[in-house]
Every structure is written in C-alpha cells, then in structure tokens.
$ cat protein.cif   # mmCIF, C-alpha atoms
data_coords
loop_
_atom_site.label_atom_id
_atom_site.label_comp_id
_atom_site.auth_asym_id
_atom_site.auth_seq_id
_atom_site.Cartn_x
_atom_site.Cartn_y
_atom_site.Cartn_z
CA GLU X 1 1.53 21.04 1.69
CA ASN X 2 4.56 19.32 0.22
CA SER X 3 6.79 17.18 2.40
CA ALA X 4 10.30 15.92 1.76
CA GLU X 5 10.82 12.17 1.55
CA LEU X 6 12.74 10.47 4.31
CA LYS X 7 15.21 7.64 3.68
CA LEU X 8 16.35 4.64 5.69
CA SER X 9 19.15 2.06 5.39
CA PRO X 10 18.25 -0.95 7.56
CA LEU X 11 20.86 -3.70 7.82
CA LYS X 12 20.13 -7.28 6.80
CA PHE X 13 20.56 -9.86 9.56
CA HIS X 14 22.32 -13.17 8.85
CA THR X 15 19.35 -15.30 9.96
CA PRO X 16 15.61 -14.78 9.28
CA ASN X 17 14.71 -14.89 13.00
CA LEU X 18 15.82 -11.93 15.12
CA ILE X 19 13.99 -12.45 18.42
CA THR X 20 11.84 -15.12 20.06
CA VAL X 21 9.87 -14.30 23.21
CA ASN X 22 8.28 -17.23 25.02
CA LYS X 23 5.83 -17.14 27.97
CA LEU X 24 7.04 -13.74 29.12
CA ASN X 25 5.73 -12.25 32.38
CA VAL X 26 6.73 -8.68 33.30
CA PHE X 27 6.64 -7.35 36.87
CA TYR X 28 6.50 -3.89 38.44
CA GLY X 29 7.86 -4.79 41.87
CA GLU X 30 5.68 -7.67 43.08
CA LYS X 31 2.87 -6.87 40.66
CA ARG X 32 2.68 -8.86 37.41
CA VAL X 33 1.55 -6.45 34.68
CA CYS X 34 1.45 -8.83 31.73
CA GLU X 35 1.63 -12.57 31.48
CA ASN X 36 2.26 -15.41 29.07
CA ILE X 37 3.35 -13.18 26.15
CA SER X 38 4.87 -15.12 23.24
CA PHE X 39 5.93 -13.83 19.83
CA SER X 40 8.78 -13.97 17.36
CA VAL X 41 10.33 -11.25 15.24
CA ASN X 42 11.53 -12.21 11.77
CA GLU X 43 13.23 -10.11 9.12
CA GLY X 44 10.72 -7.65 7.63
CA ASP X 45 8.15 -7.98 10.43
CA ARG X 46 6.46 -4.80 11.63
CA ILE X 47 5.05 -5.77 15.01
CA SER X 48 2.64 -3.60 16.97
CA ILE X 49 2.46 -4.17 20.71
CA SER X 50 -0.90 -3.01 21.99
CA GLY X 51 -2.64 -2.91 25.34
CA LYS X 52 -4.05 -0.51 27.88
CA ASN X 53 -1.85 1.95 29.79
CA GLY X 54 0.25 0.25 32.47
CA SER X 55 0.05 -3.17 30.83
CA GLY X 56 3.81 -3.51 30.32
CA LYS X 57 4.18 -2.48 26.64
CA SER X 58 7.13 -0.15 27.21
CA SER X 59 8.71 -2.65 29.61
CA ILE X 60 8.71 -5.33 26.90
CA LEU X 61 10.49 -2.93 24.53
CA LYS X 62 13.02 -1.94 27.21
CA LEU X 63 13.66 -5.58 28.06
CA ILE X 64 14.49 -6.36 24.41
CA CYS X 65 16.81 -3.32 24.40
CA GLY X 66 18.72 -4.78 27.33
CA GLU X 67 17.38 -2.67 30.20
CA ASN X 68 17.06 -4.21 33.66
CA ILE X 69 13.38 -5.23 33.72
CA SER X 70 11.97 -7.78 36.19
CA TYR X 71 10.57 -10.74 34.22
CA THR X 72 10.17 -14.48 33.95
CA GLY X 73 10.03 -16.50 30.72
CA ASP X 74 12.48 -16.59 27.83
CA VAL X 75 13.79 -13.89 25.50
CA PHE X 76 16.10 -15.31 22.82
CA MET X 77 18.06 -12.87 20.66
CA ASN X 78 21.42 -12.93 18.91
CA LYS X 79 24.15 -10.85 20.56
CA GLN X 80 25.09 -9.45 17.13
CA LEU X 81 21.64 -7.89 16.67
CA LYS X 82 21.90 -4.10 16.34
CA ILE X 83 18.90 -2.15 17.65
CA SER X 84 17.82 1.48 17.44
CA TYR X 85 15.49 2.51 20.25
CA VAL X 86 13.19 5.54 20.33
CA GLN X 87 11.97 5.88 23.90
CA GLN X 88 8.60 7.29 24.87
CA ASN X 89 9.99 9.80 27.36
CA THR X 90 11.87 12.90 26.13
CA GLU X 91 12.63 14.47 29.55
CA SER X 92 16.33 13.55 29.50
CA LEU X 93 17.04 15.43 26.26
CA SER X 94 19.24 18.50 26.60
CA GLY X 95 22.31 20.11 25.05
CA SER X 96 23.03 21.04 21.46
CA LEU X 97 22.19 18.96 18.41
CA VAL X 98 25.93 18.75 17.67
CA GLU X 99 26.56 17.26 21.13
CA TYR X 100 23.61 14.87 20.73
CA ALA X 101 24.89 13.60 17.37
CA GLY X 102 28.36 13.13 18.85
CA LYS X 103 26.99 11.21 21.83
CA TYR X 104 25.35 8.65 19.51
CA GLY X 105 28.11 8.61 16.90
CA ILE X 106 25.81 9.58 14.04
CA ASP X 107 26.58 11.67 10.96
CA LEU X 108 25.81 15.28 11.92
CA SER X 109 25.05 16.51 8.39
CA LEU X 110 22.64 13.60 7.77
CA PHE X 111 21.02 14.14 11.18
CA LEU X 112 20.43 17.84 10.49
CA ALA X 113 19.22 17.12 6.94
CA ILE X 114 16.58 14.72 8.32
CA LEU X 115 15.48 17.33 10.86
CA ARG X 116 15.15 19.89 8.05
CA LYS X 117 12.91 17.41 6.21
CA LEU X 118 10.88 17.11 9.42
CA ASP X 119 10.25 20.88 9.26
CA PHE X 120 12.99 22.20 11.55
CA SER X 121 14.17 25.72 10.73
CA ARG X 122 17.91 26.36 10.60
CA SER X 123 17.56 28.75 13.56
CA GLN X 124 16.29 25.81 15.63
CA PHE X 125 19.69 24.13 15.23
CA GLU X 126 21.29 26.76 17.48
CA LYS X 127 18.97 26.13 20.44
CA ASP X 128 19.34 23.77 23.39
CA ILE X 129 17.18 20.67 22.91
CA LEU X 130 15.88 21.23 26.45
CA PHE X 131 13.81 24.15 25.15
CA PHE X 132 12.35 22.33 22.12
CA SER X 133 8.64 21.52 22.04
CA GLU X 134 7.63 17.93 22.83
CA GLY X 135 7.00 17.30 19.13
CA GLN X 136 10.45 18.64 18.20
CA LYS X 137 12.09 16.46 20.86
CA LYS X 138 10.34 13.39 19.44
CA LYS X 139 11.58 14.35 15.96
CA VAL X 140 15.14 14.50 17.35
CA LEU X 141 14.76 10.92 18.61
CA ILE X 142 13.32 9.72 15.30
CA ALA X 143 15.96 11.53 13.22
CA ARG X 144 18.72 9.95 15.31
CA SER X 145 17.14 6.52 14.83
CA LEU X 146 16.95 7.03 11.07
CA CYS X 147 20.70 7.79 11.05
CA GLU X 148 21.59 4.54 12.81
CA LYS X 149 22.46 1.48 10.71
CA VAL X 150 20.70 -1.35 12.53
CA HIS X 151 18.80 -4.61 12.03
CA LEU X 152 15.82 -3.72 14.22
CA TYR X 153 14.01 -0.50 15.09
CA ILE X 154 12.12 -0.32 18.39
CA TRP X 155 9.91 2.77 18.65
CA ASP X 156 7.80 3.55 21.70
CA GLU X 157 4.94 5.90 20.75
CA PRO X 158 6.88 7.61 17.96
CA LEU X 159 3.98 9.83 16.92
CA ASN X 160 3.43 11.52 20.31
CA PHE X 161 3.08 15.29 19.68
CA ILE X 162 4.05 14.83 16.00
CA ASP X 163 2.28 16.93 13.35
CA LEU X 164 0.20 15.36 10.59
CA ILE X 165 2.68 16.03 7.75
CA SER X 166 5.51 14.35 9.66
CA ARG X 167 3.25 11.42 10.55
CA MET X 168 2.59 10.93 6.84
CA GLN X 169 6.34 11.14 6.07
CA ILE X 170 7.13 8.50 8.71
CA GLU X 171 4.36 6.17 7.52
CA LYS X 172 5.48 6.47 3.89
CA LEU X 173 9.09 5.80 4.92
CA ILE X 174 8.21 2.58 6.76
CA LEU X 175 6.00 1.29 3.95
CA GLU X 176 8.67 2.04 1.34
CA TYR X 177 11.78 0.71 3.11
CA LYS X 178 10.04 -2.07 5.08
CA PRO X 179 12.39 -2.10 8.10
CA THR X 180 12.01 -4.72 10.80
CA ILE X 181 10.32 -2.79 13.58
CA ILE X 182 8.56 -3.35 16.90
CA PHE X 183 6.47 -0.40 17.97
CA VAL X 184 3.86 0.86 20.41
CA GLU X 185 1.50 3.45 18.97
CA HIS X 186 -1.99 4.56 19.98
CA ASP X 187 -2.79 5.97 16.51
CA LYS X 188 -5.00 3.17 15.18
CA PHE X 189 -4.92 4.40 11.57
CA PHE X 190 -1.10 4.40 11.55
CA THR X 191 -0.94 1.00 13.27
CA ASP X 192 -3.43 -0.60 10.89
CA ASN X 193 -1.47 0.69 7.88
CA ILE X 194 2.00 -0.23 9.19
CA ALA X 195 1.78 -3.43 11.25
CA THR X 196 2.18 -6.88 9.71
CA ASN X 197 1.46 -8.52 13.08
#
$ encode --input "protein.cif" --output "structure tokens"
Amino acid sequence: ENSAELKLSPLKFHTPNLITVNKLNVFYGEKRVCENISFSVNEGDRISISGKNGSGKSSILKLICGENISYTGDVFMNKQLKISYVQQNTESLSGSLVEYAGKYGIDLSLFLAILRKLDFSRSQFEKDILFFSEGQKKKVLIARSLCEKVHLYIWDEPLNFIDLISRMQIEKLILEYKPTIIFVEHDKFFTDNIATN
C-alpha cells in the first residue's frame, strides 16, 4: 500500500539544553514508584523512557508538561519552552473535529489534511470523536500535535491501536524532521529505530 508523507515544523529553541532532570523521585500517594532519575534533553534528542507498567513513566511526562505530580528532586526547564503533549488516555475525547481544532487553536484545514493522510475518510469528519475507534482517537491526538509549532514533543504511547501503515508514516516523519521528542512506547522496533537515548 502507498501512504502519504507527513510533515512537521518543530521550532528551534534559543539554547541547546531544553530540560535537565536531576535525582527525580515520583510518588503515587506515599508510594515511591521511581527513584533517582536523572537525564537532560538537548535540541535534537529523541529520548525513550522505558520501564515496566506502573513505574512512573507517564508521571514523568506529565510532570514535565506541568501537571501536579508528587515528586522530589529537580526539574529545570525554561518557561519559554513550548511543548506538545500526546497523552496515553483518549477517554476525554468528544465533540466534533472542528470544535477540537478550535479548542487547541490549530489550523483546521491542516488538521483535517493530516487526518486524511492517516487514512481518515471524509465521512469520518462528520462524526463525534466520542464514537471513533481507539486507533482513530490516537490519530486525532497525533494530528493535533503535528499541527502545533513547538520546541518539544512529548508522546505517551503514540502507537497504541495504530495500524502498521500509520506507524511507518510516523516513524519516517520523525527520522526525516528530527524533532526533539521524549516518548514512551512499548514497540521495541520503533523505539530502537527512533531513540537517540
């Protein structure tokens, strides 16, 4: 099968270093789920965060995105850093694609064009996102992220429920445009091909 090529326009940051995490410990209530995590994110890095389920991977991503996560240690990042976040969970998605694009302030025609490239039919555009398949919902999140002009992409299990052709499109996109990205992904083949660290 043929697949359309996706495009990306990541922003350049004014310093090489975007984030430094030092001796990070993440807690679920009283329970410490990961400890002594240290890493830095520099321009062009593609960092894979790996670990077993429940080990705090998603919490690290959410913490960097500014969510209220219980932690100790240091997370240094510039306030001017623009981030696009693709969350793991799609349960909150509902409404029309037009409303969704408006909520995030993204270009509707570009958003729909990316979804077409990700194998959406035009008839799908008329439906409520609530009734999309899990794979289609994940594509909505990814398409929105690709529309956002940011310095850093943070994707939590972007390939969940995604078909093989779209996986190949996404991998090719990342290798071609080399965005700075932190991601969690259980697909070892994808991770081995994409990650620089």
$ closest_atom_pairs --input "protein.cif" --of "region 67-185 of chain X" --to "region 19-36 of chain X" --cutoff "10 Å" --atoms "all atoms listed in the file" --output "CSV"
residue,atom,partner,partner_atom,distance
X:Ile69,CA,X:Val26,CA,7.5
X:Ser70,CA,X:Phe27,CA,5.4
X:Tyr71,CA,X:Val26,CA,4.5
X:Thr72,CA,X:Asn25,CA,5.2
X:Gly73,CA,X:Leu24,CA,4.4
X:Asp74,CA,X:Asn22,CA,5.1
X:Val75,CA,X:Val21,CA,4.6
X:Phe76,CA,X:Thr20,CA,5.1
X:Met77,CA,X:Ile19,CA,4.7
X:Asn78,CA,X:Ile19,CA,7.5
X:Leu81,CA,X:Ile19,CA,9.1
X:Leu152,CA,X:Ile19,CA,9.9
$ resolve_selection --input "protein.cif" --expression "the PyMOL selection byres ((chain X and resi 141-147) around 8)" --output "ChimeraX atom specification"
/X:7-9,84-87,101,104,106-107,110-111,114-115,137-140,148-149,153,158
$ atom_distance --input "protein.cif" --atom1 "CA of Ile162 (chain X)" --atom2 "CA of Gly135 (chain X)"
5.0 Å
$ atom_distance --input "protein.cif" --atom1 "CA of Glu157 (chain X)" --atom2 "CA of Ile83 (chain X)"
16.4 Å
$ resolve_selection --input "protein.cif" --expression "the PyMOL selection byres ((chain X and resi 50) around 9)" --output "mmCIF file with C-alpha atoms, in the coordinates of the input"
data_model
loop_
_atom_site.group_PDB
_atom_site.id
_atom_site.type_symbol
_atom_site.label_atom_id
_atom_site.label_comp_id
_atom_site.auth_asym_id
_atom_site.auth_seq_id
_atom_site.Cartn_x
_atom_site.Cartn_y
_atom_site.Cartn_z
ATOM 1 C CA SER X 48 2.640 -3.600 16.970
ATOM 2 C CA ILE X 49 2.460 -4.170 20.710
ATOM 3 C CA GLY X 51 -2.640 -2.910 25.340
ATOM 4 C CA LYS X 52 -4.050 -0.510 27.880
ATOM 5 C CA SER X 55 0.050 -3.170 30.830
ATOM 6 C CA LYS X 57 4.180 -2.480 26.640
ATOM 7 C CA PHE X 183 6.470 -0.400 17.970
ATOM 8 C CA VAL X 184 3.860 0.860 20.410
ATOM 9 C CA GLU X 185 1.500 3.450 18.970
ATOM 10 C CA HIS X 186 -1.990 4.560 19.980
#
$ residues_around --input "protein.cif" --residues "Leu112 (chain X)" --least-positions-apart "5" --cutoff "9 Å" --atoms "all atoms listed in the file" --output "PyMOL selection string"
chain X and resi 97+107+117+120+122+125+143
$ resolve_selection --input "protein.cif" --expression "the PyMOL selection byres ((chain X and resi 12) around 8)" --output "number ranges by chain"
X: 10-11, 13-14, 43, 151
$ atom_distance --input "protein.cif" --atom1 "CA of Lys62 (chain X)" --atom2 "CA of Arg46 (chain X)"
17.1 Å
$ residues_around --input "protein.cif" --residues "Glu5 (chain X)" --least-positions-apart "6" --cutoff "12 Å" --atoms "only C-alpha atoms" --output "ChimeraX atom specification"
/X:113-119,165-174,176-177
$ residues_around --input "protein.cif" --residues "Phe131 (chain X)" --least-positions-apart "4" --cutoff "10 Å" --atoms "only C-alpha atoms" --output "VMD selection string"
chain X and resid 93 to 95 124 127 136 to 137
$ write_last_selection --input "protein.cif" --atoms "C-alpha atoms" --output "PDB file, in the coordinates of the input"
ATOM      1  CA  LEU X  93      17.040  15.430  26.260  1.00  0.00           C
ATOM      2  CA  SER X  94      19.240  18.500  26.600  1.00  0.00           C
ATOM      3  CA  GLY X  95      22.310  20.110  25.050  1.00  0.00           C
ATOM      4  CA  GLN X 124      16.290  25.810  15.630  1.00  0.00           C
ATOM      5  CA  LYS X 127      18.970  26.130  20.440  1.00  0.00           C
ATOM      6  CA  GLN X 136      10.450  18.640  18.200  1.00  0.00           C
ATOM      7  CA  LYS X 137      12.090  16.460  20.860  1.00  0.00           C
TER       8      LYS X 137
END
$ closest_residue --input "protein.cif" --among "X:Gln88, X:Thr196, X:Asp45, X:Asp128" --to "Ser59 (chain X)" --atoms "all atoms listed in the file"
X:Gln88
$ residues_around --input "protein.cif" --residues "Asn17 (chain X)" --least-positions-apart "4" --cutoff "8 Å" --atoms "all atoms listed in the file" --output "JSON, numbers by chain"
{"X": [40, 41, 42, 43]}
$ build_atoms --input "protein.cif" --residues "region 88-122 of chain X" --atoms "N, CA and C atoms" --output "PDB file, in the frame of the given file"
ATOM      1  N   GLN X  88       9.807   6.491  24.757  1.00  0.00           N
ATOM      2  CA  GLN X  88       8.600   7.290  24.870  1.00  0.00           C
ATOM      3  C   GLN X  88       8.882   8.639  25.528  1.00  0.00           C
ATOM      4  N   ASN X  89       9.738   8.618  26.539  1.00  0.00           N
ATOM      5  CA  ASN X  89       9.990   9.800  27.360  1.00  0.00           C
ATOM      6  C   ASN X  89      11.093  10.667  26.753  1.00  0.00           C
ATOM      7  N   THR X  90      10.876  11.979  26.696  1.00  0.00           N
ATOM      8  CA  THR X  90      11.870  12.900  26.130  1.00  0.00           C
ATOM      9  C   THR X  90      12.500  13.801  27.200  1.00  0.00           C
ATOM     10  N   GLU X  91      12.192  13.569  28.472  1.00  0.00           N
ATOM     11  CA  GLU X  91      12.630  14.470  29.550  1.00  0.00           C
ATOM     12  C   GLU X  91      14.140  14.588  29.672  1.00  0.00           C
ATOM     13  N   SER X  92      14.870  13.545  29.308  1.00  0.00           N
ATOM     14  CA  SER X  92      16.330  13.550  29.500  1.00  0.00           C
ATOM     15  C   SER X  92      17.071  14.318  28.415  1.00  0.00           C
ATOM     16  N   LEU X  93      16.369  14.765  27.379  1.00  0.00           N
ATOM     17  CA  LEU X  93      17.040  15.430  26.260  1.00  0.00           C
ATOM     18  C   LEU X  93      17.455  16.847  26.630  1.00  0.00           C
ATOM     19  N   SER X  94      18.737  17.148  26.400  1.00  0.00           N
ATOM     20  CA  SER X  94      19.240  18.500  26.600  1.00  0.00           C
ATOM     21  C   SER X  94      20.562  18.627  25.859  1.00  0.00           C
ATOM     22  N   GLY X  95      21.053  19.869  25.755  1.00  0.00           N
ATOM     23  CA  GLY X  95      22.310  20.110  25.050  1.00  0.00           C
ATOM     24  C   GLY X  95      22.065  20.470  23.603  1.00  0.00           C
ATOM     25  N   SER X  96      23.147  20.659  22.871  1.00  0.00           N
ATOM     26  CA  SER X  96      23.030  21.040  21.460  1.00  0.00           C
ATOM     27  C   SER X  96      22.830  19.814  20.581  1.00  0.00           C
ATOM     28  N   LEU X  97      22.351  20.053  19.376  1.00  0.00           N
ATOM     29  CA  LEU X  97      22.190  18.960  18.410  1.00  0.00           C
ATOM     30  C   LEU X  97      23.544  18.377  18.022  1.00  0.00           C
ATOM     31  N   VAL X  98      24.564  19.221  17.986  1.00  0.00           N
ATOM     32  CA  VAL X  98      25.930  18.750  17.670  1.00  0.00           C
ATOM     33  C   VAL X  98      26.394  17.774  18.756  1.00  0.00           C
ATOM     34  N   GLU X  99      26.177  18.139  20.019  1.00  0.00           N
ATOM     35  CA  GLU X  99      26.560  17.260  21.130  1.00  0.00           C
ATOM     36  C   GLU X  99      25.768  15.955  21.099  1.00  0.00           C
ATOM     37  N   TYR X 100      24.479  16.059  20.786  1.00  0.00           N
ATOM     38  CA  TYR X 100      23.610  14.870  20.730  1.00  0.00           C
ATOM     39  C   TYR X 100      24.092  13.909  19.652  1.00  0.00           C
ATOM     40  N   ALA X 101      24.394  14.439  18.466  1.00  0.00           N
ATOM     41  CA  ALA X 101      24.890  13.600  17.370  1.00  0.00           C
ATOM     42  C   ALA X 101      26.202  12.927  17.751  1.00  0.00           C
ATOM     43  N   GLY X 102      27.076  13.690  18.417  1.00  0.00           N
ATOM     44  CA  GLY X 102      28.360  13.130  18.850  1.00  0.00           C
ATOM     45  C   GLY X 102      28.191  12.024  19.870  1.00  0.00           C
ATOM     46  N   LYS X 103      27.253  12.205  20.793  1.00  0.00           N
ATOM     47  CA  LYS X 103      26.990  11.210  21.830  1.00  0.00           C
ATOM     48  C   LYS X 103      26.603   9.866  21.226  1.00  0.00           C
ATOM     49  N   TYR X 104      25.829   9.894  20.131  1.00  0.00           N
ATOM     50  CA  TYR X 104      25.350   8.650  19.510  1.00  0.00           C
ATOM     51  C   TYR X 104      26.182   8.217  18.309  1.00  0.00           C
ATOM     52  N   GLY X 105      27.218   8.990  17.995  1.00  0.00           N
ATOM     53  CA  GLY X 105      28.110   8.610  16.900  1.00  0.00           C
ATOM     54  C   GLY X 105      27.438   8.590  15.546  1.00  0.00           C
ATOM     55  N   ILE X 106      26.507   9.521  15.331  1.00  0.00           N
ATOM     56  CA  ILE X 106      25.810   9.580  14.040  1.00  0.00           C
ATOM     57  C   ILE X 106      26.344  10.729  13.202  1.00  0.00           C
ATOM     58  N   ASP X 107      26.127  10.651  11.894  1.00  0.00           N
ATOM     59  CA  ASP X 107      26.580  11.670  10.960  1.00  0.00           C
ATOM     60  C   ASP X 107      25.790  12.960  11.173  1.00  0.00           C
ATOM     61  N   LEU X 108      26.482  14.024  11.570  1.00  0.00           N
ATOM     62  CA  LEU X 108      25.810  15.280  11.920  1.00  0.00           C
ATOM     63  C   LEU X 108      25.065  15.876  10.729  1.00  0.00           C
ATOM     64  N   SER X 109      25.695  15.888   9.554  1.00  0.00           N
ATOM     65  CA  SER X 109      25.050  16.510   8.390  1.00  0.00           C
ATOM     66  C   SER X 109      23.785  15.744   7.989  1.00  0.00           C
ATOM     67  N   LEU X 110      23.826  14.411   8.071  1.00  0.00           N
ATOM     68  CA  LEU X 110      22.640  13.600   7.770  1.00  0.00           C
ATOM     69  C   LEU X 110      21.549  13.856   8.812  1.00  0.00           C
ATOM     70  N   PHE X 111      21.943  13.894  10.071  1.00  0.00           N
ATOM     71  CA  PHE X 111      21.020  14.140  11.180  1.00  0.00           C
ATOM     72  C   PHE X 111      20.286  15.472  10.980  1.00  0.00           C
ATOM     73  N   LEU X 112      21.036  16.520  10.683  1.00  0.00           N
ATOM     74  CA  LEU X 112      20.430  17.840  10.490  1.00  0.00           C
ATOM     75  C   LEU X 112      19.575  17.881   9.230  1.00  0.00           C
ATOM     76  N   ALA X 113      19.999  17.165   8.187  1.00  0.00           N
ATOM     77  CA  ALA X 113      19.220  17.120   6.940  1.00  0.00           C
ATOM     78  C   ALA X 113      17.856  16.456   7.186  1.00  0.00           C
ATOM     79  N   ILE X 114      17.843  15.399   7.997  1.00  0.00           N
ATOM     80  CA  ILE X 114      16.580  14.720   8.320  1.00  0.00           C
ATOM     81  C   ILE X 114      15.684  15.662   9.122  1.00  0.00           C
ATOM     82  N   LEU X 115      16.269  16.381  10.076  1.00  0.00           N
ATOM     83  CA  LEU X 115      15.480  17.330  10.860  1.00  0.00           C
ATOM     84  C   LEU X 115      14.906  18.446   9.983  1.00  0.00           C
ATOM     85  N   ARG X 116      15.670  18.886   9.000  1.00  0.00           N
ATOM     86  CA  ARG X 116      15.150  19.890   8.050  1.00  0.00           C
ATOM     87  C   ARG X 116      13.938  19.313   7.315  1.00  0.00           C
ATOM     88  N   LYS X 117      14.030  18.059   6.900  1.00  0.00           N
ATOM     89  CA  LYS X 117      12.910  17.410   6.210  1.00  0.00           C
ATOM     90  C   LYS X 117      11.701  17.262   7.118  1.00  0.00           C
ATOM     91  N   LEU X 118      11.969  17.206   8.439  1.00  0.00           N
ATOM     92  CA  LEU X 118      10.880  17.110   9.420  1.00  0.00           C
ATOM     93  C   LEU X 118      10.460  18.502   9.901  1.00  0.00           C
ATOM     94  N   ASP X 119      10.752  19.511   9.082  1.00  0.00           N
ATOM     95  CA  ASP X 119      10.250  20.880   9.260  1.00  0.00           C
ATOM     96  C   ASP X 119      10.937  21.662  10.376  1.00  0.00           C
ATOM     97  N   PHE X 120      12.201  21.358  10.659  1.00  0.00           N
ATOM     98  CA  PHE X 120      12.990  22.200  11.550  1.00  0.00           C
ATOM     99  C   PHE X 120      13.536  23.379  10.761  1.00  0.00           C
ATOM    100  N   SER X 121      13.509  24.559  11.343  1.00  0.00           N
ATOM    101  CA  SER X 121      14.170  25.720  10.730  1.00  0.00           C
ATOM    102  C   SER X 121      15.648  25.681  11.099  1.00  0.00           C
ATOM    103  N   ARG X 122      16.479  26.331  10.303  1.00  0.00           N
ATOM    104  CA  ARG X 122      17.910  26.360  10.600  1.00  0.00           C
ATOM    105  C   ARG X 122      18.187  27.050  11.944  1.00  0.00           C
TER     106      ARG X 122
END
